[in-house]
Amino acid sequence: MATIFIDNAPRQANPKQNLLHACLSLGYDLPYFCWHPALGSVGACRQCAVKQFRDERDTAGKLVMACMTPAGEGTRISITDVEAAAFRAAVIQGLMQNHPHDCPVCDEGGECHLQDMTVMTGHRSRAYSFGKRTFRNQYLGPLVNHEMNRCIQCQRCVRFYRNYAGGHDLNAFRLRDNVYYGRHEDGILESEFSGNLVEICPTGVFTDATLKRHYTRKWDLQMAPSICVHCGLGCNTTAGERYGALRRVVNRYNHEVNGYFLCDRGRFGYEFVESSLRIRHPLFNGKAAIKREALERFGSILSEGNAIGIGSPRASLEANFALRTLVGSDRFFAGVLDEDLQLLSPMLRILREGPARSASLDDVEHSDAVFVLGEDVINIAPVMALRLRQSVRQAPMRIAAGLHIPEWLDDAVREAVQDAKGPFFIASPYATKLDDIATTTHRAAPDDLARLGFAVAHAIDDTAPKVTGLSPEWDTMIAAISAALLGAQRPLIVSGASCRSRSVIEAAAQIAWALRKAGRPANLSFTTPECNSFGLSLMEPRALSEAFQSIQNEPTSTLIVLENDLFRRAPASEMTAQLRGVQHLVVLDHLVNATTEAAELVLPAGTFAESDGTLVNSEGRAQRFFQALDHSADVQESWRWLREGSVAAGLNNEAQWQSLDDLITAMAAEIPAFRAIPAVAPSRSAVGKIAREPNRYSGRTAMFANISVHEPKPVDDPDSALAFSMESGPEAAPSSLIPFFWAPGWNSIQAVNKFQGEVGGPLRSGDPGVRLIEPSQESGWQYFTAIPPQFKAQPGEWLLVPIFHIFGSEELSRHAQGIAQLLPRPYVALNPVEASLLGAKAGEQIKVVVEGALFELEVALRADLPRGVAGLPTGLPPLDGVMLPAFCKLAPTGAELSARGAS
Amino acid sequence: MEKPLTGNFRADKEAVSLAEYERAGGYQGLRAALLMAPADVTELVKRSNLRGRGGAGFPTGMKWSFVPMGEDAPHPKYLVANADEMEPGTFKDRALMERDPHQLIEGMIVSAYAIDADIGYIFLRGEYERSYERLARAIAEAEARNYLGHNILGSGYSLILHLHMSAGRYICGEETALLNALEGKRAHPRTKPPFPQVSGLWGKPTIVQNVETLCNVHHIVNKGPEWFHGLSKTEDGGTKIYGVSGKVKRPGLWELPMGTPMREILEDHAGGMREGLRFRGVLPGGASTDFLVEEHLDTPMDYGNVQKAGSRLGTGTMVVLDDQTCPVGMVWNLEHFFAQESCGWCTPCWSGLAWTEKILFAMEQGKGSIHDLETLSFQTKFLAPGNTFCAFAPGAVEPLQSALKYFADDFRRHIDEQRCPWRQ
């Protein structure tokens, strides 16, 4: 640390940082716009000017921009200096010159960084008396709204969109006080991270178009810390409610996980909560019932005995544990196909029994050589892709360091580094949107990807099994990849379940282990398909096939399905047949789907916004989400339904699990893997009350006056320290319970500065979450030896691989109103060479026979697909029950081709 | 009097051909330089005290000495001729390029050799089509004679020279914005440090020099720094191409000893004011320099003396204001140009110039208010050096701040009379 003097007071600062970073980290209020902790300094807005003095004798000093000046030892500055303050006031006056006086009708109002900085700087009345420049706004798609008249030209949007997130279709146009930030023409923003513009923009140019449909000011939102449920990464979010409806989701900073940014699926997927498919009341044989009736029915079904339960990779640990307790651990089955469990369990075993550590997303960003094996990261775990994009900047930082350019001096670093990128290799079945940063890319069928991985491992450590029969061009590539990984200080291997190949997963582990054996601190990062895939697997449920076996054996059995659409996991005909043997099908879920339609009793479960619970992300980090909404009388947490059902059936007494904390305590005692779960967040009694509502929350006494003029008593939350009220205890909320980021004078999301020890660093009371998975310290691990044979294309057959879509492949976000407009149409992707052999042209319909089902699909040409491989968009109806990869037959629509595949 | 830069100019204003250029001793400087070590060329230029002719006047040899040299130096290195001559009132580089294109090319090759550059660019103003044609032909001729290209004249040194025409923005004349433009990026200036000498074009060591500066280099190599000193009347070496525009009898360009007094240029060379007009002031070095007035006419036109008088030598091309022209209107015209050419990067510049321009226009329209004078004066301080990202805005308000000083009464009359007194 360096000692710097701020207004003559000696303070400790990080000398590798700039003065703005130092001042904010020390708690000073110094206004800024163009700087952002994740984007660095460019010195454009001139708002953070301070007076710098040569030494204690220098009284004249000179103005410098704090963001552009290093916080070197002995630096002397004044923030309060009259000239500096006057200059900052002049800058804000300039910024406000063209800014419309439209705060009352602006969506940003009340959480606007420009408002905050204007007030902080003291600019009150406008001297500028001329006309303002105006713009035509653009249609940017259903997610982000554009209002250019508010722009203050801080450059952040394009810096984030282009430099940071790798987007191409947003840019700065024109010049003077007339710079236009937009697309070359109206159209949907192409970046998967476009929603971050809403938070990156310091004012209301880019705002949340989904919030606009049901707008509420930040100060009127009842908010709670939440966890994104739309992929396995577990990004931290803040969910906001008003009038009983979920209004929006914003980023919740967690240094180790999502940092400052979310993907658009995570930010805008929340609208499924208010979708027309929501189940708001219990259903008995398709008819609406009230809670009491439903519980009676549930109780009587349960008292018949013989119940088995199918858990869920998208339900909380608590819900799964409640089901497991209700039916017994030997009657609790995985909510995923055996094939998928056979991917998840090995991944967990690899991360717990092998020597390589699972990487946090912060580790991912700081890796200096990466090999992605089999994953389309941007469509499967989007925020990881954003972090990976930054990782290729690690190695070339040496160039900047050689020129004495500090890392935060963003434009200078980018000029010096130019297109230099650290080693980054992608081997995947088809081209991905990270290919532009890759050193080399390689496309192959899953088995060949695994062979490539095993061969790289062998090249790193020749005691790892050798792969025979490799072509010479592979050898060059293998040598390049292994050399780069061995040469790195923090190598990372990324893989996961997306190829649905155990060999690919084992090959990825093999590489990381070989690196570990060679003394390199290699990390492993697996993607998981759903938000609690690892959590479910850690419970060691029995295989799903055994559940169906059990149903066949006990024809009178009751099946309880927890938050799980089984029809997405297998073809409908197969699943219908399996369920035929069930006497009572009880389903707990929140959206109507084929499984709820098949149920005798449907219990309306709370979504992430209406319940609390713990999810284990793909890092192995357990994180808790909390209720933002006080749910309606008929909706409640799955675990509560299950508990109340068991009480109604007389299986348990009332005293069991009065609150979430009771349940968590029981779970920690029962399952060794979850021993640390209580530490994920403080229990209800451990801390004082924390208000979910900001202290400017309005209308509390009036908002329900149309129903009753008597102000209702605030609803009690038995499950957490968070209160459905504006009243907080005196102490600061622990980081896992921060309902929203706000500090006096800091109403925008940038108030997070005030919650970090050092700006851009961990949250002051530690980043939320507890890692449940750590690598083994023992050296007893063994290399995998099962190397698959080379993939051989069969004449007349194609291997259909899943193609992932950020919008469409995930079950819940598909039903969000905004995202629903962005779903692709079902298609089959073919290599143009093979399509021409079939006589198929792009856009034409073609017959696809796979796993006994026949589809007529539009042909999409993808030159990046390997020979003998075709692709289907996974998770998209009507293809969502198709198990991929699988071999298929293809024929023109006119040809005779039956579902059996015989022509 | 020796005129190394313009001595070869043809009376018919056609370009000096390669044969004519060679007959007059052309490419001898290059031949001499190729026999020297690059560091010795730089040393000669340092000793000559050649300073940049683009406006800032930075010592050329010193600038070159910051370029990493030797085995470990990054490559390719670049030499860029800043031929984006867009300063209002300035047209000296145009004359050099149109009338003696080989002189620039030779100067560039010698300069490139001194810093061991691999690639040269001429970044040419978008409107200079005649310069483009003549330079393009001269480059082809030089390549054919192996003055350019691989293994120049058997020396082992190679240089590729590209001619690039700007898409046309004033800010591209700022050397780092120029580099961004050459890279195909938005032309806003870059952070300094790092300076282009170490991290310039595509992140590689780069020297950017004004055309007139480069045209001097091979002469210095050929004839020595002492000769170069001897050309000048002051401590700044060499000749200078001075220009005069405005309502004088003979506007034009003259190559004269550095330090020639302003009065001599205006009266002896430009012929003084047109009949019936009185001199009121002059922008000594282009639009972005402070006005000087009658009392300064005996100032020697060199870097130090013009600065002492309260302005800058700039490009050395003067714009004269007469008594029949409204100074407020003239300043509005300039500020209109500058407001329009602000790249939009830093707040003081884009906001301050836009506001300034609007006030001046309102004054000209008879809508000025007494508070406007405070605002104008405030803007000149707000846009001071160091407050803005680059030197563009401080330069842009130089004519305004000096006009407020020297022509205060004229501003007051616009406000008091609610009209422009020069308009009917």
# chains A, B, ... in the order shown; residues from 1 in each chain; ligands from 1
>>> select_by_dssp(residues="region 17-155 of chain B", states="strand (DSSP E)", output="ChimeraX atom specification")
/B:78-83,119-124
>>> interface_residues(of="chain A", to="chain B", cutoff="6 Å", atoms="only C-alpha atoms", output="VMD selection string")
chain A and resid 44 to 45 94 175 to 177 415 to 416
>>> write_last_selection(atoms="C-alpha atoms", output="mmCIF file, in the first residue's frame")
data_model
loop_
_atom_site.group_PDB
_atom_site.id
_atom_site.type_symbol
_atom_site.label_atom_id
_atom_site.label_comp_id
_atom_site.auth_asym_id
_atom_site.auth_seq_id
_atom_site.Cartn_x
_atom_site.Cartn_y
_atom_site.Cartn_z
ATOM 1 C CA ALA A 44 -13.197 11.450 -21.294
ATOM 2 C CA CYS A 45 -15.775 13.011 -18.995
ATOM 3 C CA GLY A 94 -21.627 21.029 -19.542
ATOM 4 C CA LEU A 175 -19.150 14.138 -33.372
ATOM 5 C CA ARG A 176 -19.167 17.421 -31.357
ATOM 6 C CA ASP A 177 -22.073 17.587 -28.854
ATOM 7 C CA GLU A 415 -3.598 0.469 -28.102
ATOM 8 C CA ALA A 416 -0.422 -1.142 -26.873
#
>>> closest_residue(among="A:Gly535, A:Pro541, A:Pro346, A:Gly402", to="Val327 (chain A)", atoms="only C-alpha atoms")
A:Pro541
>>> closest_residue(among="B:Cys420, B:Ala73, B:Val80, B:Val110", to="Gln28 (chain B)", atoms="only C-alpha atoms")
B:Val110
>>> residues_around(residues="region 402-416 of chain B", least_positions_apart="4", cutoff="6 Å", atoms="only C-alpha atoms", output="ChimeraX atom specification")
/B:290-291,368-369,420
>>> residues_around(residues="Glu127 (chain B)", least_positions_apart="4", cutoff="12 Å", atoms="only C-alpha atoms", output="MDAnalysis selection string")
chainID B and resid 83:86 91 94 123 131:133 165:170
>>> residues_around(residues="Leu434 (chain A)", least_positions_apart="3", cutoff="8 Å", atoms="only C-alpha atoms", output="list in words")
Val377, Ile378, Ala385, Arg389, Ile437 and Ala438 of chain A
>>> atom_distance(atom1="CA of Ile139 (chain B)", atom2="CA of Ser155 (chain B)")
18.8 Å
>>> residues_around(residues="Trp422 (chain B)", least_positions_apart="4", cutoff="10 Å", atoms="only C-alpha atoms", output="PyMOL selection string")
chain B and resi 323-329+364+410+414
>>> select_by_dssp(residues="region 307-552 of chain A", states="helix (DSSP H, G or I)", output="JSON, numbers by chain")
{"A": [317, 318, 319, 320, 321, 322, 323, 324, 325, 326, 327, 329, 330, 331, 338, 339, 340, 341, 342, 343, 344, 345, 346, 347, 348, 349, 350, 351, 352, 353, 361, 362, 363, 364, 365, 377, 378, 379, 380, 382, 383, 384, 385, 386, 387, 388, 389, 390, 391, 397, 398, 399, 400, 401, 402, 410, 411, 412, 413, 414, 415, 416, 417, 435, 436, 437, 446, 447, 448, 449, 450, 451, 452, 453, 454, 455, 456, 457, 458, 459, 460, 472, 473, 474, 475, 476, 477, 478, 479, 480, 481, 482, 483, 484, 485, 486, 487, 502, 503, 504, 505, 506, 507, 508, 509, 510, 511, 512, 513, 514, 515, 516, 517, 533, 534, 535, 536, 537, 538, 544, 545, 546, 547, 548, 549, 550, 551, 552]}
>>> write_last_selection(atoms="C-alpha atoms", output="short mmCIF file (atom, residue, chain, number, x, y, z; two decimals), in the first residue's frame")
data_model
loop_
_atom_site.label_atom_id
_atom_site.label_comp_id
_atom_site.auth_asym_id
_atom_site.auth_seq_id
_atom_site.Cartn_x
_atom_site.Cartn_y
_atom_site.Cartn_z
CA LEU A 317 -31.93 -27.95 -1.98
CA GLU A 318 -34.61 -27.31 0.62
CA ALA A 319 -37.43 -28.38 -1.71
CA ASN A 320 -35.53 -31.48 -2.81
CA PHE A 321 -34.64 -32.32 0.78
CA ALA A 322 -38.25 -31.92 1.88
CA LEU A 323 -39.35 -34.36 -0.81
CA ARG A 324 -36.53 -36.76 0.04
CA THR A 325 -37.54 -36.65 3.70
CA LEU A 326 -41.19 -37.16 2.86
CA VAL A 327 -40.71 -40.23 0.69
CA SER A 329 -34.01 -41.37 0.73
CA ASP A 330 -34.42 -44.82 -0.87
CA ARG A 331 -37.55 -43.60 -2.67
CA ASP A 338 -29.81 -41.65 -16.05
CA GLU A 339 -27.65 -40.47 -18.94
CA ASP A 340 -27.53 -37.00 -17.41
CA LEU A 341 -26.95 -38.20 -13.89
CA GLN A 342 -24.09 -40.20 -15.35
CA LEU A 343 -22.57 -36.88 -16.38
CA LEU A 344 -23.25 -34.90 -13.22
CA SER A 345 -21.98 -37.49 -10.77
CA PRO A 346 -18.64 -37.96 -12.54
CA MET A 347 -18.19 -34.18 -12.74
CA LEU A 348 -18.69 -33.93 -9.00
CA ARG A 349 -16.39 -36.87 -8.39
CA ILE A 350 -13.73 -35.31 -10.59
CA LEU A 351 -13.91 -32.03 -8.72
CA ARG A 352 -13.90 -33.63 -5.28
CA GLU A 353 -11.60 -36.59 -5.74
CA LEU A 361 -15.88 -16.98 -12.38
CA ASP A 362 -13.31 -14.55 -11.02
CA ASP A 363 -10.70 -17.30 -11.44
CA VAL A 364 -12.00 -17.85 -14.96
CA GLU A 365 -11.43 -14.19 -15.83
CA VAL A 377 -20.16 -21.35 -23.50
CA ILE A 378 -21.93 -18.19 -24.62
CA ASN A 379 -25.23 -20.04 -25.10
CA ILE A 380 -24.91 -22.37 -22.13
CA PRO A 382 -23.23 -16.83 -20.89
CA VAL A 383 -21.58 -14.89 -18.08
CA MET A 384 -18.72 -17.38 -18.07
CA ALA A 385 -18.23 -16.52 -21.74
CA LEU A 386 -18.06 -12.84 -20.81
CA ARG A 387 -15.40 -13.64 -18.21
CA LEU A 388 -13.51 -15.85 -20.66
CA ARG A 389 -13.46 -12.95 -23.10
CA GLN A 390 -11.52 -10.97 -20.51
CA SER A 391 -9.14 -13.87 -19.83
CA MET A 397 -0.88 -7.39 -20.22
CA ARG A 398 2.85 -8.08 -20.27
CA ILE A 399 3.09 -5.82 -23.33
CA ALA A 400 1.43 -2.97 -21.46
CA ALA A 401 3.54 -3.61 -18.38
CA GLY A 402 6.67 -3.45 -20.53
CA ASP A 410 -7.81 1.22 -20.62
CA ASP A 411 -7.39 2.88 -24.00
CA ALA A 412 -3.61 3.01 -23.69
CA VAL A 413 -3.53 -0.67 -22.77
CA ARG A 414 -5.74 -1.57 -25.70
CA GLU A 415 -3.60 0.47 -28.10
CA ALA A 416 -0.42 -1.14 -26.87
CA VAL A 417 -1.88 -4.64 -26.87
CA ASP A 435 -14.31 -18.24 -31.72
CA ASP A 436 -13.26 -14.66 -32.48
CA ILE A 437 -10.95 -14.67 -29.46
CA PRO A 446 -18.13 -35.51 -29.26
CA ASP A 447 -16.10 -38.72 -29.32
CA ASP A 448 -13.38 -37.04 -31.34
CA LEU A 449 -13.41 -34.06 -28.97
CA ALA A 450 -12.76 -36.50 -26.13
CA ARG A 451 -9.93 -38.09 -28.09
CA LEU A 452 -8.42 -34.66 -28.67
CA GLY A 453 -8.63 -33.95 -24.95
CA PHE A 454 -7.02 -37.23 -23.98
CA ALA A 455 -4.29 -36.64 -26.54
CA VAL A 456 -3.57 -33.18 -25.10
CA ALA A 457 -3.36 -34.72 -21.63
CA HIS A 458 -0.91 -37.29 -22.94
CA ALA A 459 1.17 -34.57 -24.57
CA ILE A 460 1.35 -32.77 -21.21
CA PRO A 472 -0.74 -35.49 -38.38
CA GLU A 473 -2.60 -32.17 -38.42
CA TRP A 474 -4.02 -33.09 -35.04
CA ASP A 475 -0.50 -33.58 -33.74
CA THR A 476 0.42 -29.97 -34.48
CA MET A 477 -2.69 -28.72 -32.77
CA ILE A 478 -2.20 -30.98 -29.78
CA ALA A 479 1.39 -29.79 -29.43
CA ALA A 480 0.28 -26.15 -29.59
CA ILE A 481 -2.47 -26.57 -27.00
CA SER A 482 -0.36 -28.56 -24.57
CA ALA A 483 2.58 -26.17 -24.87
CA ALA A 484 0.36 -23.15 -24.23
CA LEU A 485 -1.28 -24.74 -21.20
CA LEU A 486 2.06 -25.82 -19.78
CA GLY A 487 3.46 -22.35 -20.34
CA ARG A 502 -18.87 -38.64 -20.24
CA SER A 503 -15.70 -39.13 -22.29
CA VAL A 504 -15.49 -35.40 -23.01
CA ILE A 505 -15.81 -34.64 -19.31
CA GLU A 506 -13.17 -37.19 -18.40
CA ALA A 507 -10.87 -35.93 -21.13
CA ALA A 508 -11.17 -32.38 -19.78
CA ALA A 509 -10.36 -33.62 -16.29
CA GLN A 510 -7.45 -35.62 -17.67
CA ILE A 511 -5.89 -32.44 -19.08
CA ALA A 512 -6.29 -30.52 -15.84
CA TRP A 513 -4.88 -33.41 -13.88
CA ALA A 514 -1.94 -33.82 -16.22
CA LEU A 515 -1.23 -30.13 -15.73
CA ARG A 516 -1.46 -30.51 -11.98
CA LYS A 517 0.93 -33.42 -12.17
CA SER A 533 -27.87 -29.66 -11.07
CA PHE A 534 -24.95 -30.09 -8.68
CA GLY A 535 -27.16 -29.63 -5.62
CA LEU A 536 -29.47 -32.40 -6.72
CA SER A 537 -26.56 -34.70 -7.54
CA LEU A 538 -24.95 -34.08 -4.17
CA LEU A 544 -34.75 -42.10 -12.66
CA SER A 545 -35.07 -45.41 -14.52
CA GLU A 546 -35.37 -47.09 -11.14
CA ALA A 547 -38.31 -44.84 -10.32
CA PHE A 548 -40.12 -46.07 -13.38
CA GLN A 549 -39.09 -49.59 -12.52
CA SER A 550 -40.60 -49.11 -9.10
CA ILE A 551 -43.83 -47.80 -10.65
CA GLN A 552 -44.07 -50.89 -12.83
#
>>> residues_around(residues="Pro59 (chain B)", least_positions_apart="4", cutoff="12 Å", atoms="only C-alpha atoms", output="list in words")
Thr42, Glu43, Val45, Lys46, Arg47, Ser48, Asn49, Leu50, Arg51, Gly52, Arg53, Gly54, Gly55, Lys63, Trp64, Ser65, Phe66, Gln209, Thr213, Asp236, Gly237 and Tyr303 of chain B
>>> write_last_selection(atoms="C-alpha atoms", output="tab-separated table (two decimals), in the first residue's frame")
chain	number	residue	atom	x	y	z
B	42	THR	CA	19.23	11.86	-35.29
B	43	GLU	CA	22.21	13.55	-33.69
B	45	VAL	CA	18.87	16.83	-36.45
B	46	LYS	CA	19.19	17.38	-32.72
B	47	ARG	CA	22.14	19.72	-33.23
B	48	SER	CA	20.28	21.60	-35.95
B	49	ASN	CA	17.65	22.54	-33.39
B	50	LEU	CA	14.91	21.79	-35.91
B	51	ARG	CA	11.56	22.23	-34.21
B	52	GLY	CA	8.18	20.89	-35.32
B	53	ARG	CA	6.50	23.13	-37.91
B	54	GLY	CA	2.99	21.79	-37.26
B	55	GLY	CA	2.24	24.12	-34.39
B	63	LYS	CA	11.38	13.37	-30.23
B	64	TRP	CA	13.24	10.82	-32.33
B	65	SER	CA	15.59	9.96	-29.51
B	66	PHE	CA	12.66	8.44	-27.56
B	209	GLN	CA	5.90	14.86	-38.06
B	213	THR	CA	9.44	19.63	-40.66
B	236	ASP	CA	15.45	28.40	-33.74
B	237	GLY	CA	17.21	27.04	-36.81
B	303	TYR	CA	8.65	30.15	-31.21
>>> atom_distance(atom1="CA of Ala820 (chain A)", atom2="CA of Val592 (chain A)")
16.0 Å
>>> decode(residues="region 313-352 of chain A", atoms="C-alpha atoms", output="PDB file, in the first residue's frame")
ATOM      1  CA  PRO A 313     -32.263 -29.843 -10.758  1.00  0.00           C
ATOM      2  CA  ARG A 314     -34.073 -26.510 -10.874  1.00  0.00           C
ATOM      3  CA  ALA A 315     -35.623 -26.660  -7.386  1.00  0.00           C
ATOM      4  CA  SER A 316     -33.823 -25.583  -4.228  1.00  0.00           C
ATOM      5  CA  LEU A 317     -31.930 -27.946  -1.976  1.00  0.00           C
ATOM      6  CA  GLU A 318     -34.610 -27.315   0.615  1.00  0.00           C
ATOM      7  CA  ALA A 319     -37.430 -28.383  -1.706  1.00  0.00           C
ATOM      8  CA  ASN A 320     -35.530 -31.477  -2.808  1.00  0.00           C
ATOM      9  CA  PHE A 321     -34.642 -32.319   0.777  1.00  0.00           C
ATOM     10  CA  ALA A 322     -38.254 -31.916   1.882  1.00  0.00           C
ATOM     11  CA  LEU A 323     -39.346 -34.361  -0.809  1.00  0.00           C
ATOM     12  CA  ARG A 324     -36.526 -36.757   0.036  1.00  0.00           C
ATOM     13  CA  THR A 325     -37.537 -36.647   3.696  1.00  0.00           C
ATOM     14  CA  LEU A 326     -41.188 -37.156   2.860  1.00  0.00           C
ATOM     15  CA  VAL A 327     -40.705 -40.227   0.686  1.00  0.00           C
ATOM     16  CA  GLY A 328     -37.484 -41.534   2.224  1.00  0.00           C
ATOM     17  CA  SER A 329     -34.014 -41.372   0.725  1.00  0.00           C
ATOM     18  CA  ASP A 330     -34.424 -44.823  -0.874  1.00  0.00           C
ATOM     19  CA  ARG A 331     -37.549 -43.601  -2.668  1.00  0.00           C
ATOM     20  CA  PHE A 332     -36.092 -40.299  -3.838  1.00  0.00           C
ATOM     21  CA  PHE A 333     -35.085 -40.287  -7.503  1.00  0.00           C
ATOM     22  CA  ALA A 334     -33.122 -37.941  -9.665  1.00  0.00           C
ATOM     23  CA  GLY A 335     -35.156 -35.567 -11.777  1.00  0.00           C
ATOM     24  CA  VAL A 336     -32.828 -36.101 -14.681  1.00  0.00           C
ATOM     25  CA  LEU A 337     -32.340 -39.010 -17.031  1.00  0.00           C
ATOM     26  CA  ASP A 338     -29.814 -41.650 -16.049  1.00  0.00           C
ATOM     27  CA  GLU A 339     -27.651 -40.469 -18.940  1.00  0.00           C
ATOM     28  CA  ASP A 340     -27.531 -36.996 -17.415  1.00  0.00           C
ATOM     29  CA  LEU A 341     -26.954 -38.204 -13.890  1.00  0.00           C
ATOM     30  CA  GLN A 342     -24.085 -40.201 -15.354  1.00  0.00           C
ATOM     31  CA  LEU A 343     -22.567 -36.876 -16.381  1.00  0.00           C
ATOM     32  CA  LEU A 344     -23.253 -34.904 -13.222  1.00  0.00           C
ATOM     33  CA  SER A 345     -21.981 -37.490 -10.766  1.00  0.00           C
ATOM     34  CA  PRO A 346     -18.635 -37.957 -12.544  1.00  0.00           C
ATOM     35  CA  MET A 347     -18.191 -34.179 -12.744  1.00  0.00           C
ATOM     36  CA  LEU A 348     -18.688 -33.930  -9.001  1.00  0.00           C
ATOM     37  CA  ARG A 349     -16.393 -36.868  -8.391  1.00  0.00           C
ATOM     38  CA  ILE A 350     -13.725 -35.315 -10.590  1.00  0.00           C
ATOM     39  CA  LEU A 351     -13.911 -32.026  -8.720  1.00  0.00           C
ATOM     40  CA  ARG A 352     -13.901 -33.635  -5.278  1.00  0.00           C
TER      41      ARG A 352
END
